[in-house]
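Here's the structure we're looking at; comments come further down.
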Amino acid sequence: MTTAFLEKWIYTIPSPPPNSRKKPMAVLALGMSRSGTESLRRALQLLGYSHVYHGFDMSEDTPMHWKQWALLGRRKYGLIGTTHRGDPGITRSDFDQILGHAEAVTDQPCSIFALELIKAYPEAKVILNYRDVDSWYESLTALILPHARGFWYHVLPWFSAEMYWAVQYTVHCFNMFFYGDLERNGKWVYEQHSAMIKGVLADQPGRLLVWRVQDGWGPLCEFLNKPLPEEEFPSGNTLDTTNKRYDKNMVQVGLAAARNFLIFVVLTGVGVAYFARPVLSFLARVRIVVD
C-alpha cells in the first residue's frame, strides 16, 4: 500500500509517447552487458538498421525508460502488484510500447528479457554475443558495483522520481536476474543465460549466431545477409566511456536530488527547532516548579 501510494503521488514521471512498430524487429542481440554490446550496436547501425536499442537509451531518452522496464521486471519475476503464476504474460505489444522504433536491440535490459523477446519476435534473428566469462565478470562488476552502494544509491533516490525508478529497475529487474547478488552469482548466471538461449533455439537452425567481437564483420554479415562494410569493425567500449555516457544525464538527475535532499534537511531542521522550542520551554517551567 505504501509503495503504491508513493509511486502514484510522489514518484510520478510522465510516460514516454507510445511507440508503434513501423518496421519488423530484425535482430535480437541478447548477450549480457560488457560482452561487446556497444560495438555490436554501432556495427548494426553501420549495416543499416535504423535504430538499435541499447541500455544507454534508458537514461539518455527523455523521459527516461527506467520505470517502464522496472514494471516489466516486476511482472517477469512476480513482484509488487503482480499475481501471475508461472507466466507473466509479457507480449509483443508490451515490448513495442518501448521498442517500437527499434529494428534491433543489444545490451540490457533486453538481454534480461531474452526468452520473452525471442517468443515475442519470432521473425527476428538472434545473436548471442559473448566473451570469456572471467573477463566479462571483472568488467561488469567494476562497472555496476560502484553505482550500487553509498549515498548515491541508498539516499538520493528518495528525493528524485527518475532516480527512484532507476533503483527500482536495479532491484526488480537487474538484481533479480542475478538472484539478488551479482558479485556472488554473476559467473554461473552468465553461463546459464548463454545455455538457455542456445537451448531455446536448438530446434530453429539458422536463427542463432554465437558471436564475439573478435569475430568481426565476416560471420555477422553472412548471418544477416549484409555486404561487408568498408569501415573497420567498431572498437570496444571502455569502462570510462560507459560511465561518461551513463553520467551524462544521471549526474543532472543526481544534482537535482541532492538539492531536494538539502531542502528537506533544512526544512526538517527548521521544523524541529520550531516545535522543540515550546517543548523545551515547558520542560524548563516544570523543572522550576519541581525544584
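Simple scheme: letters A, B, ... for chains in C-alpha cells order, numbers from 1 for residues in each chain, numbers from 1 for ligands in the order shown.
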Item to check | All residues 7 Å or closer to range 151-159 of chain A, only C-alpha atoms, same chain fewer than 2 positions away omitted, as a VMD selection string | outcome: chain A and resid 147 to 149 161 163 to 164 257 to 258 260 to 261
Next on the checklist: When you look at range 104-108 of chain A with a cut-off of 10 Å (counting only C-alpha atoms), what residues show up, excluding the ones that are within fewer than 6 positions of it in the same chain? I need them as a ChimeraX atom specification.
Outcome noted: /A:24-41,44-45,49-56,58,114,117,124-129,173-174
Those residues you just picked out, can you put them in a file as a PDB file, in the first residue's frame with C-alpha atoms?
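The result, written out as out.pdb:
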```
ATOM      1  CA  PRO A  24       9.792  -5.517 -38.225  1.00  0.00           C
ATOM      2  CA  MET A  25      12.140  -6.343 -35.386  1.00  0.00           C
ATOM      3  CA  ALA A  26      15.116  -7.774 -37.270  1.00  0.00           C
ATOM      4  CA  VAL A  27      17.890  -8.546 -34.768  1.00  0.00           C
ATOM      5  CA  LEU A  28      17.874  -9.507 -31.096  1.00  0.00           C
ATOM      6  CA  ALA A  29      21.438  -9.349 -29.732  1.00  0.00           C
ATOM      7  CA  LEU A  30      20.893 -10.873 -26.310  1.00  0.00           C
ATOM      8  CA  GLY A  31      24.337 -11.229 -24.766  1.00  0.00           C
ATOM      9  CA  MET A  32      24.887  -9.536 -21.432  1.00  0.00           C
ATOM     10  CA  SER A  33      26.333  -6.053 -20.902  1.00  0.00           C
ATOM     11  CA  ARG A  34      30.136  -5.861 -21.265  1.00  0.00           C
ATOM     12  CA  SER A  35      30.174  -8.571 -23.932  1.00  0.00           C
ATOM     13  CA  GLY A  36      30.648  -6.286 -26.924  1.00  0.00           C
ATOM     14  CA  THR A  37      27.169  -4.776 -26.795  1.00  0.00           C
ATOM     15  CA  GLU A  38      28.171  -1.220 -27.715  1.00  0.00           C
ATOM     16  CA  SER A  39      30.493  -2.308 -30.531  1.00  0.00           C
ATOM     17  CA  LEU A  40      27.711  -4.507 -31.833  1.00  0.00           C
ATOM     18  CA  ARG A  41      25.210  -1.661 -31.598  1.00  0.00           C
ATOM     19  CA  LEU A  44      24.361  -2.953 -36.643  1.00  0.00           C
ATOM     20  CA  GLN A  45      23.836   0.744 -37.304  1.00  0.00           C
ATOM     21  CA  TYR A  49      19.401  -0.905 -39.001  1.00  0.00           C
ATOM     22  CA  SER A  50      17.643   2.366 -38.296  1.00  0.00           C
ATOM     23  CA  HIS A  51      17.598   2.213 -34.507  1.00  0.00           C
ATOM     24  CA  VAL A  52      19.405  -0.238 -32.246  1.00  0.00           C
ATOM     25  CA  TYR A  53      18.029  -0.087 -28.711  1.00  0.00           C
ATOM     26  CA  HIS A  54      20.797  -0.226 -26.083  1.00  0.00           C
ATOM     27  CA  GLY A  55      20.951   0.173 -22.318  1.00  0.00           C
ATOM     28  CA  PHE A  56      22.091   3.761 -22.855  1.00  0.00           C
ATOM     29  CA  MET A  58      17.154   4.063 -20.737  1.00  0.00           C
ATOM     30  CA  ALA A 114      15.810 -12.695 -23.718  1.00  0.00           C
ATOM     31  CA  LEU A 117      11.783 -11.270 -26.698  1.00  0.00           C
ATOM     32  CA  ALA A 124      13.914 -11.733 -35.636  1.00  0.00           C
ATOM     33  CA  LYS A 125      17.349 -13.305 -35.898  1.00  0.00           C
ATOM     34  CA  VAL A 126      19.176 -13.795 -32.593  1.00  0.00           C
ATOM     35  CA  ILE A 127      22.811 -13.049 -31.796  1.00  0.00           C
ATOM     36  CA  LEU A 128      24.383 -14.416 -28.642  1.00  0.00           C
ATOM     37  CA  ASN A 129      27.325 -12.075 -28.212  1.00  0.00           C
ATOM     38  CA  CYS A 173      14.997  -6.345 -12.833  1.00  0.00           C
ATOM     39  CA  PHE A 174      18.813  -6.447 -12.841  1.00  0.00           C
TER      40      PHE A 174
END
```
Checklist entry - Near His65 in chain A, counting only C-alpha atoms, which residues have an atom at most 12 Å away, once you skip same-chain residues fewer than 2 positions from it, shown as a VMD selection string? => result chain A and resid 13 to 18 53 to 63 67 to 72 97 to 99 109 161 to 163 165 to 166 168 to 169
Would you save the residues of that selection, restricted to C-alpha atoms, as a compact mmCIF listing (two decimals), in the first residue's frame?
```txt
# COMPACT_ATOMS: atom_id res chain seq x y z
CA ILE A 13 7.08 10.76 -14.09
CA PRO A 14 5.50 11.48 -17.49
CA SER A 15 5.05 8.47 -19.73
CA PRO A 16 7.06 8.49 -22.96
CA PRO A 17 4.98 8.87 -26.11
CA PRO A 18 3.70 5.43 -27.17
CA TYR A 53 18.03 -0.09 -28.71
CA HIS A 54 20.80 -0.23 -26.08
CA GLY A 55 20.95 0.17 -22.32
CA PHE A 56 22.09 3.76 -22.85
CA ASP A 57 18.61 4.53 -24.22
CA MET A 58 17.15 4.06 -20.74
CA SER A 59 18.96 7.09 -19.34
CA GLU A 60 19.53 9.15 -22.49
CA ASP A 61 15.93 9.34 -23.69
CA THR A 62 13.56 11.93 -22.24
CA PRO A 63 11.69 10.87 -20.23
CA LYS A 67 10.04 2.94 -14.93
CA GLN A 68 8.82 1.01 -17.98
CA TRP A 69 11.48 -1.66 -17.60
CA ALA A 70 11.13 -1.80 -13.81
CA LEU A 71 7.42 -2.53 -14.19
CA LEU A 72 8.14 -5.24 -16.76
CA GLN A 97 5.49 0.34 -26.50
CA ILE A 98 9.18 0.77 -25.67
CA LEU A 99 10.93 -0.75 -28.69
CA PRO A 109 17.61 -4.55 -20.26
CA ALA A 161 11.46 10.30 -9.22
CA GLU A 162 13.92 9.41 -12.00
CA MET A 163 16.50 8.08 -9.53
CA TRP A 165 12.79 4.34 -10.77
CA ALA A 166 16.42 3.71 -11.71
CA GLN A 168 13.53 0.10 -8.87
CA TYR A 169 14.89 -1.17 -12.19
```
Checklist entry - Hey, what does DSSP flag as alpha helix (DSSP H) within range 80-172 of chain A? Can you give it to me as number ranges by chain? => result A: 92-99, 114-120, 133-144, 150-154, 161-169
Next on the checklist: Based on the backbone DSSP call, show me all residues of range 63-135 of chain A assigned strand (DSSP E or B), as JSON, numbers by chain.
Outcome noted: {"A": [104, 105, 125, 126, 127, 128, 129]}
